[in-house]
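File shown: protein_23.cif (mmCIF, C-alpha atoms).
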```cif
data_my_file
#
loop_
_atom_site.label_atom_id
_atom_site.label_comp_id
_atom_site.auth_asym_id
_atom_site.auth_seq_id
_atom_site.Cartn_x
_atom_site.Cartn_y
_atom_site.Cartn_z
CA MET H 26 -61.92 169.80 14.03
CA GLY H 27 -62.16 173.09 15.88
CA ALA H 28 -61.92 174.75 19.29
CA ILE H 29 -63.10 177.81 21.21
CA THR H 30 -60.72 179.94 19.15
CA TYR H 31 -62.68 179.17 15.97
CA HIS H 32 -64.45 182.53 16.05
CA ALA H 33 -65.08 183.06 12.35
CA VAL H 34 -66.27 179.48 11.94
CA SER H 35 -68.71 180.08 14.79
CA GLU H 36 -70.12 183.03 12.86
CA MET H 37 -70.55 180.77 9.84
CA GLU H 38 -72.35 178.23 12.02
CA GLU H 39 -74.75 180.89 13.29
CA PHE H 40 -75.47 182.16 9.79
CA GLY H 41 -75.96 178.73 8.26
CA GLY H 42 -77.65 177.03 11.20
CA TYR H 43 -75.32 174.01 11.31
CA TYR H 44 -73.37 173.52 14.54
CA HIS H 45 -70.44 171.56 15.92
CA LYS H 46 -70.47 168.73 18.41
CA GLY H 47 -68.26 168.62 21.48
CA PRO H 48 -66.19 169.02 23.45
CA ASP H 49 -68.67 167.06 25.59
CA PHE H 50 -69.58 164.35 23.11
CA LYS H 51 -72.67 162.18 23.30
CA LYS H 52 -73.06 158.60 22.07
CA GLY H 53 -73.14 158.46 18.28
CA GLU H 54 -71.27 161.73 17.78
CA PRO H 55 -67.81 161.84 16.13
CA ASN H 56 -65.85 161.83 19.36
CA MET H 57 -62.30 163.14 19.49
CA ARG H 58 -59.99 160.57 21.10
CA ARG H 59 -56.32 159.86 20.47
CA GLU H 60 -53.36 157.73 21.40
CA PHE H 61 -49.63 157.84 20.71
CA ARG H 62 -48.21 154.74 19.07
CA ASN H 63 -44.59 153.68 18.74
CA LEU H 64 -43.39 152.28 15.43
CA ASP H 65 -43.27 148.77 16.90
CA GLY H 66 -47.00 148.96 17.59
CA THR H 67 -46.85 149.57 21.33
CA VAL H 68 -48.88 152.40 22.79
CA ASP H 69 -46.92 155.25 24.31
CA HIS H 70 -48.07 157.62 27.06
CA PRO H 71 -45.65 160.54 26.74
CA PHE H 72 -47.69 163.02 28.78
CA GLU H 73 -48.96 160.72 31.55
CA PRO H 74 -46.37 160.61 34.37
CA LYS H 75 -47.96 157.68 36.23
CA VAL H 76 -47.98 155.36 33.19
CA ASN H 77 -44.62 153.63 32.73
CA PHE H 78 -43.30 155.78 35.54
CA SER H 79 -39.64 156.73 35.65
CA ILE H 80 -37.64 159.55 37.18
CA GLY H 81 -36.37 160.53 33.74
CA LYS H 82 -39.86 160.77 32.30
CA THR H 83 -41.08 162.81 35.26
CA LEU H 84 -38.19 165.26 34.96
CA LYS H 85 -38.81 165.61 31.25
CA LEU H 86 -42.49 166.39 31.83
CA LEU H 87 -41.61 168.95 34.49
CA LYS H 88 -39.24 170.60 32.01
CA LEU H 89 -42.00 170.63 29.38
CA LYS H 90 -44.48 172.17 31.82
CA LYS H 91 -41.98 174.88 32.75
CA GLN H 92 -41.28 175.70 29.11
CA MET H 93 -44.99 175.77 28.24
CA LYS H 94 -45.49 178.36 30.97
CA LYS H 95 -42.48 180.30 29.68
CA LEU H 96 -43.78 180.27 26.10
CA ASN H 97 -47.19 181.49 27.22
CA GLN H 98 -45.54 184.41 29.02
CA LEU H 99 -43.27 185.17 26.06
CA MET H 100 -46.17 185.31 23.61
CA GLN H 101 -48.07 187.71 25.89
CA THR H 102 -45.06 189.99 26.48
CA LYS H 103 -42.04 189.69 24.19
CA TYR H 104 -44.22 188.75 21.22
CA ALA H 105 -47.33 190.76 22.07
CA GLY H 106 -49.45 191.22 18.96
CA TYR H 107 -48.67 187.82 17.45
CA ASP H 108 -52.19 186.51 17.91
CA CYS H 109 -54.07 188.24 15.13
CA TYR H 110 -55.11 186.77 11.81
CA GLY H 111 -52.82 187.42 8.87
CA HIS H 112 -49.22 188.57 8.63
CA ILE H 113 -49.39 192.28 7.83
CA GLY H 114 -46.32 194.08 9.15
CA VAL H 115 -44.78 191.15 11.05
CA ALA H 116 -41.57 191.16 8.99
CA LYS H 117 -41.19 194.86 9.91
CA GLY H 118 -41.90 194.32 13.59
CA GLU H 119 -45.50 195.47 13.41
CA TYR H 120 -48.92 193.87 13.71
CA TYR H 121 -52.38 194.64 12.40
CA GLY H 122 -55.42 192.42 12.13
CA ILE H 123 -58.46 190.91 13.78
CA SER H 124 -57.54 189.47 17.16
CA LYS H 125 -57.69 185.71 17.73
CA GLY H 126 -57.91 186.29 21.48
CA VAL H 127 -60.55 184.70 23.72
CA ASP H 128 -61.54 186.93 26.62
CA GLY H 129 -60.13 185.48 29.83
CA HIS H 130 -57.70 183.07 28.14
CA CYS H 131 -53.91 183.51 28.03
CA GLY H 132 -54.02 187.15 29.07
CA ALA H 133 -56.67 188.26 26.56
CA THR H 134 -59.24 190.86 27.58
CA LYS H 135 -62.53 191.87 26.01
CA GLU H 136 -60.84 194.85 24.35
CA ASN H 137 -58.15 192.79 22.58
CA SER H 138 -60.22 189.70 21.75
CA PHE H 139 -62.15 188.72 18.64
CA PRO H 140 -63.68 190.48 16.69
CA ASN H 141 -61.71 193.61 17.56
CA TYR H 142 -58.73 194.75 15.52
CA ILE H 143 -55.37 195.11 17.21
CA LYS H 144 -52.53 197.24 15.90
CA GLY H 145 -49.08 198.21 17.08
CA LYS H 146 -45.31 197.93 16.79
CA ASN H 147 -43.17 195.22 18.32
CA PRO H 148 -39.70 194.66 16.80
CA ASN H 149 -39.51 191.22 18.44
CA LEU H 150 -42.17 189.94 16.08
CA LYS H 151 -39.49 189.73 13.39
CA ASP H 152 -38.38 186.51 15.14
CA LEU H 153 -41.58 184.87 13.85
CA ALA H 154 -39.98 184.70 10.40
CA LEU H 155 -37.53 182.11 11.74
CA PRO H 156 -38.25 178.41 11.27
CA PHE H 157 -40.22 177.24 14.30
CA SER H 158 -37.43 174.97 15.56
CA GLU H 159 -35.00 177.91 15.55
CA PHE H 160 -37.58 180.21 17.16
CA CYS H 161 -37.99 177.72 20.00
CA LYS H 162 -34.22 177.39 20.40
CA ILE H 163 -33.49 181.11 20.73
CA ASN H 164 -36.25 181.37 23.34
CA GLY H 165 -35.20 178.29 25.32
CA VAL H 166 -38.47 176.43 24.80
CA GLU H 167 -37.40 173.54 22.55
CA GLU H 168 -39.50 171.06 24.55
CA VAL H 169 -42.80 172.67 23.53
CA GLN H 170 -42.32 171.22 20.05
CA ARG H 171 -43.44 167.92 21.58
CA ILE H 172 -46.87 169.50 22.12
CA TRP H 173 -47.12 171.40 18.85
CA ILE H 174 -45.83 168.70 16.48
CA ALA H 175 -48.81 166.33 16.49
CA PRO H 176 -51.55 168.83 15.54
CA PHE H 177 -49.22 170.60 13.12
CA THR H 178 -46.87 168.33 11.20
CA SER H 179 -49.15 165.29 11.14
CA PHE H 180 -51.99 167.52 9.94
CA GLY H 181 -49.94 168.22 6.82
CA TYR H 182 -48.60 171.70 7.56
CA GLY H 183 -44.90 170.94 7.22
CA PHE H 184 -41.83 170.36 9.36
CA PHE H 185 -40.55 172.63 12.10
CA ASP H 186 -37.11 173.15 10.55
CA GLU H 187 -38.64 174.83 7.48
CA ILE H 188 -41.95 176.48 8.43
CA PRO H 189 -41.87 180.10 9.70
CA ALA H 190 -42.81 180.29 13.37
CA ALA H 191 -45.51 182.82 12.48
CA LEU H 192 -47.50 180.14 10.67
CA VAL H 193 -47.20 177.73 13.58
CA MET H 194 -48.14 180.24 16.27
CA LYS H 195 -50.97 181.90 14.37
CA TYR H 196 -52.63 178.54 13.75
CA LEU H 197 -51.71 176.99 17.08
CA ASP H 198 -51.70 180.05 19.30
CA VAL H 199 -51.24 179.11 22.94
CA THR H 200 -54.98 179.00 23.68
CA THR H 201 -55.67 176.70 20.72
CA ALA H 202 -52.70 174.48 21.55
CA LEU H 203 -53.93 174.04 25.11
CA GLU H 204 -57.37 173.09 23.81
CA PHE H 205 -55.72 170.37 21.71
CA VAL H 206 -53.71 169.14 24.70
CA ASN H 207 -56.83 168.94 26.87
CA MET H 208 -58.92 167.46 24.04
CA GLN H 209 -61.46 170.27 24.27
CA LEU H 210 -62.23 170.01 20.58
CA TRP H 211 -65.15 170.30 18.19
CA THR H 212 -66.26 168.06 15.34
CA TRP H 213 -69.15 168.21 12.90
CA GLN H 214 -71.57 165.31 12.58
CA ASP H 215 -71.72 165.39 8.77
CA GLY H 216 -68.31 166.91 8.17
CA THR H 217 -67.07 170.48 7.82
CA GLN H 218 -68.21 170.93 4.22
CA GLU H 219 -71.77 171.06 5.56
CA ILE H 220 -70.92 174.36 7.31
CA TYR H 221 -70.38 176.07 3.97
CA GLU H 222 -73.19 174.30 2.13
CA HIS H 223 -75.59 175.57 4.80
CA VAL H 224 -74.13 179.07 4.44
CA ASN H 225 -74.41 178.93 0.66
CA LYS H 226 -78.10 178.06 0.83
CA LYS H 227 -78.79 181.26 2.74
CA LEU H 228 -76.84 183.64 0.52
CA MET H 229 -78.73 186.12 -1.63
CA HIS H 230 -76.37 185.19 -4.45
CA PRO H 231 -75.20 181.58 -3.83
CA ALA H 232 -71.86 180.41 -5.13
CA VAL H 233 -72.00 178.96 -8.64
CA LEU H 234 -70.63 175.43 -8.38
CA GLY H 235 -69.33 172.95 -10.93
CA THR H 236 -67.56 175.54 -13.07
CA GLU H 237 -63.93 175.85 -14.13
CA VAL H 238 -62.38 179.29 -14.48
CA VAL H 239 -60.24 179.08 -17.62
CA LYS H 240 -59.31 182.73 -18.20
CA VAL H 241 -59.23 186.04 -16.32
CA GLU H 242 -58.54 189.34 -18.08
CA ARG H 243 -58.61 192.79 -16.47
CA PRO H 244 -58.79 195.48 -19.19
CA ASP H 245 -59.89 199.10 -18.72
CA GLY H 246 -60.96 198.82 -15.10
CA LYS H 247 -63.16 195.77 -15.66
CA VAL H 248 -62.72 192.07 -14.97
CA ASN H 249 -63.61 189.48 -17.63
CA VAL H 250 -63.95 185.93 -16.32
CA THR H 251 -64.28 183.01 -18.73
CA VAL H 252 -65.68 179.80 -17.28
CA ARG H 253 -66.28 176.32 -18.61
CA LYS H 254 -69.37 174.40 -17.54
CA ASP H 255 -70.67 171.18 -19.11
CA GLY H 256 -68.11 171.57 -21.88
CA GLU H 257 -69.21 175.07 -22.90
CA GLU H 258 -67.36 178.33 -22.28
CA SER H 259 -68.88 181.70 -21.48
CA THR H 260 -67.50 185.06 -20.36
CA GLU H 261 -68.95 187.48 -17.82
CA THR H 262 -67.77 190.96 -16.86
CA PHE H 263 -67.43 192.13 -13.25
CA ASP H 264 -66.31 195.25 -11.40
CA LYS H 265 -64.15 193.46 -8.83
CA LEU H 266 -62.23 190.20 -8.56
CA ILE H 267 -61.51 188.33 -5.31
CA ILE H 268 -59.14 185.41 -5.75
CA THR H 269 -59.52 182.67 -3.14
CA THR H 270 -57.96 179.85 -5.17
CA PRO H 271 -54.18 179.18 -5.07
CA LEU H 272 -52.38 182.32 -6.21
CA ASP H 273 -49.50 180.33 -7.70
CA TYR H 274 -52.04 178.81 -10.12
CA PHE H 275 -53.55 182.22 -10.94
CA ILE H 276 -50.55 183.07 -13.11
CA ASN H 277 -51.38 180.13 -15.39
CA TYR H 278 -54.84 181.31 -16.50
CA ALA H 279 -54.92 185.05 -15.86
CA ASP H 280 -53.30 188.17 -17.28
CA ALA H 281 -50.97 188.29 -14.30
CA THR H 282 -48.65 191.27 -14.04
CA ASP H 283 -44.90 190.83 -13.67
CA GLU H 284 -45.25 191.81 -10.01
CA GLU H 285 -47.91 189.16 -9.45
CA LYS H 286 -45.86 186.53 -11.26
CA ASN H 287 -42.76 187.29 -9.23
CA LEU H 288 -44.63 187.26 -5.92
CA PHE H 289 -46.84 184.23 -6.54
CA SER H 290 -43.98 182.12 -7.92
CA LYS H 291 -42.48 182.14 -4.43
CA ILE H 292 -45.45 180.24 -2.97
CA ILE H 293 -44.76 176.66 -1.95
CA HIS H 294 -47.22 174.05 -0.76
CA GLU H 295 -47.28 170.72 0.99
CA ARG H 296 -47.90 167.45 -0.81
CA TYR H 297 -50.28 165.84 1.66
CA CYS H 298 -51.26 162.25 0.92
CA ASP H 299 -54.08 160.34 2.52
CA TYR H 300 -56.47 157.46 2.09
CA ILE H 301 -59.49 156.04 3.82
CA ALA H 302 -59.33 152.28 4.25
CA THR H 303 -60.97 149.27 5.78
CA PHE H 304 -58.93 146.78 7.75
CA GLU H 305 -58.87 143.07 8.29
CA SER H 306 -61.80 141.97 10.43
CA GLY H 307 -61.50 143.21 14.01
CA LYS H 308 -58.11 144.85 13.34
CA SER H 309 -58.90 148.48 12.63
CA PRO H 310 -57.81 151.16 15.11
CA ASN H 311 -60.61 151.99 17.52
CA ILE H 312 -59.10 155.35 18.40
CA SER H 313 -57.19 157.99 16.45
CA GLY H 314 -53.43 157.78 16.79
CA TYR H 315 -50.23 159.75 16.29
CA MET H 316 -46.96 158.14 15.19
CA VAL H 317 -44.70 160.95 16.36
CA ASP H 318 -41.48 159.18 15.35
CA ASN H 319 -42.58 159.57 11.72
CA MET H 320 -43.09 163.35 12.03
CA VAL H 321 -39.51 164.19 11.06
CA PRO H 322 -37.97 164.86 7.62
CA GLU H 323 -35.91 161.66 7.86
CA ARG H 324 -39.20 159.68 7.81
CA LEU H 325 -40.70 161.57 4.89
CA GLY H 326 -43.50 159.61 3.23
CA HIS H 327 -44.33 157.54 6.32
CA ALA H 328 -47.74 157.45 8.00
CA MET H 329 -47.96 160.11 10.71
CA VAL H 330 -51.53 159.90 11.95
CA TYR H 331 -54.64 157.76 11.57
CA TYR H 332 -58.10 159.07 12.25
CA ASN H 333 -60.91 156.99 13.74
CA ARG H 334 -64.17 158.97 13.59
CA TRP H 335 -66.85 156.65 14.92
CA GLN H 336 -66.20 155.17 18.35
CA ASP H 337 -69.32 152.99 18.18
CA LEU H 338 -67.83 150.90 15.35
CA ASP H 339 -64.91 149.89 17.56
CA ARG H 340 -62.46 147.60 15.71
CA ASP H 341 -64.42 147.55 12.45
CA CYS H 342 -64.37 151.28 11.68
CA PRO H 343 -62.70 152.56 8.51
CA ALA H 344 -59.87 154.98 9.24
CA THR H 345 -58.09 157.73 7.35
CA VAL H 346 -54.27 157.66 7.20
CA TYR H 347 -52.04 160.65 6.38
CA ALA H 348 -48.45 161.36 5.29
CA LEU H 349 -46.34 164.20 3.89
CA ALA H 350 -44.38 163.70 0.68
CA ASN H 351 -42.18 166.82 0.51
CA HIS H 352 -39.73 168.77 2.64
CA THR H 353 -37.47 171.70 1.76
CA GLY H 354 -33.99 170.37 0.97
CA SER H 355 -35.11 166.73 0.66
CA PRO H 356 -36.05 164.77 -2.48
CA ASP H 357 -39.81 164.43 -2.88
CA VAL H 358 -41.27 160.99 -2.31
CA GLU H 359 -43.30 159.60 -5.21
CA TYR H 360 -47.02 159.17 -4.59
CA ASP H 361 -47.04 155.40 -5.18
CA THR H 362 -44.12 154.99 -2.79
CA VAL H 363 -45.97 156.96 -0.13
CA MET H 364 -49.07 154.80 -0.51
CA LYS H 365 -47.04 151.60 -0.20
CA THR H 366 -45.06 152.92 2.77
CA MET H 367 -48.23 153.94 4.60
CA ASP H 368 -49.64 150.44 4.11
CA GLU H 369 -46.48 148.92 5.55
CA ASP H 370 -46.49 151.32 8.49
CA MET H 371 -50.08 150.49 9.40
CA LYS H 372 -49.37 146.78 9.23
CA LYS H 373 -46.31 147.14 11.47
CA VAL H 374 -48.31 148.89 14.19
CA GLY H 375 -51.05 146.24 14.07
CA PHE H 376 -53.60 147.57 11.58
CA PRO H 377 -53.33 145.60 8.30
CA ILE H 378 -55.11 147.30 5.41
CA LYS H 379 -57.83 145.32 3.66
CA GLU H 380 -59.03 147.79 1.03
CA LYS H 381 -58.47 151.45 0.17
CA LEU H 382 -61.83 153.11 -0.40
CA TYR H 383 -60.34 156.39 -1.60
CA ALA H 384 -56.81 157.75 -1.94
CA GLN H 385 -55.42 161.11 -2.98
CA GLU H 386 -52.61 163.63 -2.91
CA VAL H 387 -53.73 167.22 -2.34
CA TYR H 388 -52.31 170.70 -2.78
CA TYR H 389 -52.05 171.71 0.86
CA CYS H 390 -51.08 174.62 3.10
CA PRO H 391 -49.74 177.21 0.64
CA HIS H 392 -47.09 179.39 2.30
CA VAL H 393 -43.72 181.01 1.70
CA SER H 394 -40.28 180.12 2.98
CA ALA H 395 -38.78 181.61 6.12
CA LYS H 396 -36.47 183.72 3.94
CA ASP H 397 -39.28 185.13 1.82
CA TYR H 398 -41.36 185.76 4.93
CA ALA H 399 -38.51 187.78 6.44
CA ASP H 400 -38.10 189.65 3.15
CA GLY H 401 -41.63 191.03 3.54
CA TRP H 402 -43.59 188.83 1.16
CA TYR H 403 -46.86 189.47 2.98
CA ASP H 404 -46.43 193.24 2.99
CA LYS H 405 -45.73 193.13 -0.74
CA LEU H 406 -48.96 191.20 -1.23
CA GLU H 407 -50.87 193.68 0.94
CA ALA H 408 -49.55 196.52 -1.24
CA LEU H 409 -51.18 194.87 -4.27
CA GLN H 410 -54.66 194.67 -2.72
CA GLY H 411 -57.08 196.58 -4.97
CA ASN H 412 -54.74 196.97 -7.94
CA LEU H 413 -56.57 196.19 -11.19
CA ASN H 414 -59.72 195.87 -9.04
CA THR H 415 -58.25 192.63 -7.70
CA TYR H 416 -58.16 191.38 -4.13
CA TYR H 417 -56.30 188.37 -2.77
CA ALA H 418 -57.80 186.04 -0.19
CA GLY H 419 -57.77 182.31 0.59
CA GLU H 420 -55.45 180.15 2.65
CA ILE H 421 -52.23 182.01 1.87
CA ILE H 422 -53.42 185.20 3.60
CA SER H 423 -53.24 183.80 7.13
CA PHE H 424 -52.99 180.01 7.34
CA GLY H 425 -54.35 176.89 5.66
CA ASP H 426 -56.97 175.90 8.21
CA MET H 427 -60.63 176.85 7.85
CA GLU H 428 -60.70 179.25 10.82
CA ASP H 429 -57.82 181.42 9.62
CA THR H 430 -59.13 181.33 6.06
CA CYS H 431 -62.63 182.43 7.11
CA ALA H 432 -61.28 185.14 9.41
CA ALA H 433 -58.89 186.47 6.77
CA SER H 434 -61.81 186.67 4.34
CA LYS H 435 -63.83 188.56 6.95
CA ASP H 436 -60.92 191.01 7.22
CA ILE H 437 -60.62 191.50 3.44
CA ILE H 438 -64.33 192.22 3.07
CA GLY H 439 -64.38 194.49 6.11
CA ARG H 440 -61.46 196.61 4.92
CA PHE H 441 -62.13 196.86 1.20
CA PHE H 442 -65.87 196.39 0.58
#
```
Step by step, read the file and then write its structure as structure tokens.
Amino acid sequence: MGAITYHAVSEMEEFGGYYHKGPDFKKGEPNMRREFRNLDGTVDHPFEPKVNFSIGKTLKLLKLKKQMKKLNQLMQTKYAGYDCYGHIGVAKGEYYGISKGVDGHCGATKENSFPNYIKGKNPNLKDLALPFSEFCKINGVEEVQRIWIAPFTSFGYGFFDEIPAALVMKYLDVTTALEFVNMQLWTWQDGTQEIYEHVNKKLMHPAVLGTEVVKVERPDGKVNVTVRKDGEESTETFDKLIITTPLDYFINYADATDEEKNLFSKIIHERYCDYIATFESGKSPNISGYMVDNMVPERLGHAMVYYNRWQDLDRDCPATVYALANHTGSPDVEYDTVMKTMDEDMKKVGFPIKEKLYAQEVYYCPHVSAKDYADGWYDKLEALQGNLNTYYAGEIISFGDMEDTCAASKDIIGRFF
């Protein structure tokens, strides 16, 4: 899904000629709808004051509204400069990158909005190295985690007690978060992969697909890349190398330097598990749903969100179910255990699984710890750009969603090529 802050993706759409649907969806389009479901199967309405009205609930929502306003002001003032792609300089209290701003939203103007670069110094930005839960606490905005948690943790990006605030706020900047709250979202009729397939068809030199890179060597100012396709290996020589695949895997097949090995070994990733399933007749969810009570480390391996894509199919629509299997400081949950637990969770909330059509665990959201972020990991990576004619791109550069990845790639090409 996307929103008005998906600037780089919009450029890809224009180039490829394949466009999103929404936020005003028509019949037959993959409409974005969601509910919040308690673990006993009842539907919750945490942000609707008139549903299950109580004084306590009303006061809690007023507190949330006040803290949302406070956070918006803090990000525009105390943390000015946070809303650019990438992490260059943040650990030193600096910022440099393409702006994520949308003119007229959350204080952004035409001059400091996409696609302009913004640059400056702001010592307060060092706070973004803190885990998001701690960042919220020191700023007195703990309640906003109730808004941010669903489109962050349930989407596989980790838990707030471990993930640096910079990753949370660069993905879910205030404008994007408000778009999620108000359900002003985009979807793509045939999925997001079609964006890039359409782009690839229009490239002068389309991406070569179906190949495995088995070796990379960088002798004498050149780059030798050995690939395997249909069981046969071949080597080609290039002038430059741009790595967009996981950097922590690069050290396994390339002539990585000691500096690269040391830096890339610090990368950690999420173990995100999901499956698409059918349900017993008439018992599938007819709307996407969050199970917020499972979005905490203590419920690791439990189903956090289910996604219903086609409203027209009502109670007979297959749905995708997602869970996280790892958390810093906690034992990992085995894949088979996660699958079984997710089945049990879905049954408990009223959606008994009939058949899994496809299941997987994926390498997801590569990032570094709060400690390594504060120690300047991203500035160390930036210092390596261009060494041995090698450039580093991909999810790790900004964040693991497609917008940040595309925008970070735009930045790399704009600055070095």
**Contact residues around Pro148 in chain H with only C-alpha atoms at 10 Å, ignoring same-chain residues under 3 positions, as a list in words** =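 Using only C-alpha atoms, the neighbours found are Lys103, Tyr104, Val115, Ala116, Lys117, Gly118, Glu119, Tyr120, Lys151 and Asp152 of chain H.
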**Request:** Would you mind listing what lies within 10 Å of Thr83 in chain H as a list in words, with all atoms listed in the file counted and same-chain residues fewer than 5 positions away left out?
**Result:**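 Close residues of Thr83 in chain H: Pro71, Phe72, Glu73, Pro74, Lys75, Phe78, Lys88 and Leu89 of chain H.
Going from CA of Lys52 in chain H to CA of Ile301 in chain H covers 22.9 Å.
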Find the residues near range 371-380 of chain H: any atom within 6 Å, counting only C-alpha atoms, skip ones fewer than 2 places away on the same chain, and give them as an mmCIF file with C-alpha atoms, keeping the file's coordinate frame.
```cif
data_model
loop_
_atom_site.group_PDB
_atom_site.id
_atom_site.type_symbol
_atom_site.label_atom_id
_atom_site.label_comp_id
_atom_site.auth_asym_id
_atom_site.auth_seq_id
_atom_site.Cartn_x
_atom_site.Cartn_y
_atom_site.Cartn_z
ATOM 1 C CA ASP H 65 -43.270 148.770 16.900
ATOM 2 C CA GLY H 66 -47.000 148.960 17.590
ATOM 3 C CA ALA H 302 -59.330 152.280 4.250
ATOM 4 C CA THR H 303 -60.970 149.270 5.780
ATOM 5 C CA PHE H 304 -58.930 146.780 7.750
ATOM 6 C CA GLU H 305 -58.870 143.070 8.290
ATOM 7 C CA LYS H 308 -58.110 144.850 13.340
ATOM 8 C CA SER H 309 -58.900 148.480 12.630
ATOM 9 C CA ASP H 368 -49.640 150.440 4.110
ATOM 10 C CA GLU H 369 -46.480 148.920 5.550
#
```
**Prompt:** Evaluating the PyMOL selection byres ((chain H and resi 57) around 10) on the displayed file yields which residues, as a ChimeraX atom specification?
**Reply:** /H:26,46-50,54-56,58-59,208-212,312-313,332-336
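Of note, CA of Gly122 in chain H and CA of Ile276 in chain H are spaced 27.4 Å apart.
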**Nearest to Glu60 in chain H by atom-to-atom distance, counting only C-alpha atoms, from H:Lys125, H:Gly235, H:Ile438, H:Val206** =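 Answer, going by the shortest atom-to-atom distance: H:Val206.
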**Reference answer for the PyMOL selection byres ((chain H and resi 167) around 10), as a PyMOL selection string** = chain H and resi 89+92-93+96+157-166+168-171
**Message:** Neighbouring residues of Gly307 in chain H were defined as those with any atom within 9 Å, considering all atoms listed in the file; residues of the same chain fewer than 5 positions away were excluded. Please report them as a list in words.
**Reply:**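 Returned residues: Asp339, Arg340, Asp341 and Cys342 of chain H.
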**Request:** Name the residues in contact with Ile123 in chain H at a cut-off of 12 Å, using only C-alpha atoms, excluding same-chain residues fewer than 2 positions from it; report them as number ranges by chain.
**Result:** H: 32-33, 106-113, 120-121, 125-127, 136-144, 195, 423, 429, 431-437, 439-440
**Request:** On this file, the PyMOL selection byres ((chain H and resi 188-190) around 8) gives some set of residues; write that set as a list in words.
**Result:** Asp152, Leu153, Ala154, Leu155, Pro156, Phe157, Ser158, Phe160, Gly183, Phe184, Phe185, Asp186, Glu187, Ala191, Leu192, Val193, Met194, Ser394, Ala395 and Tyr398 of chain H
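Shortest atom-to-atom contact with Thr236 in chain H among H:Lys254, H:Arg324, H:Tyr416, H:Glu219: H:Lys254, counting all atoms listed in the file.
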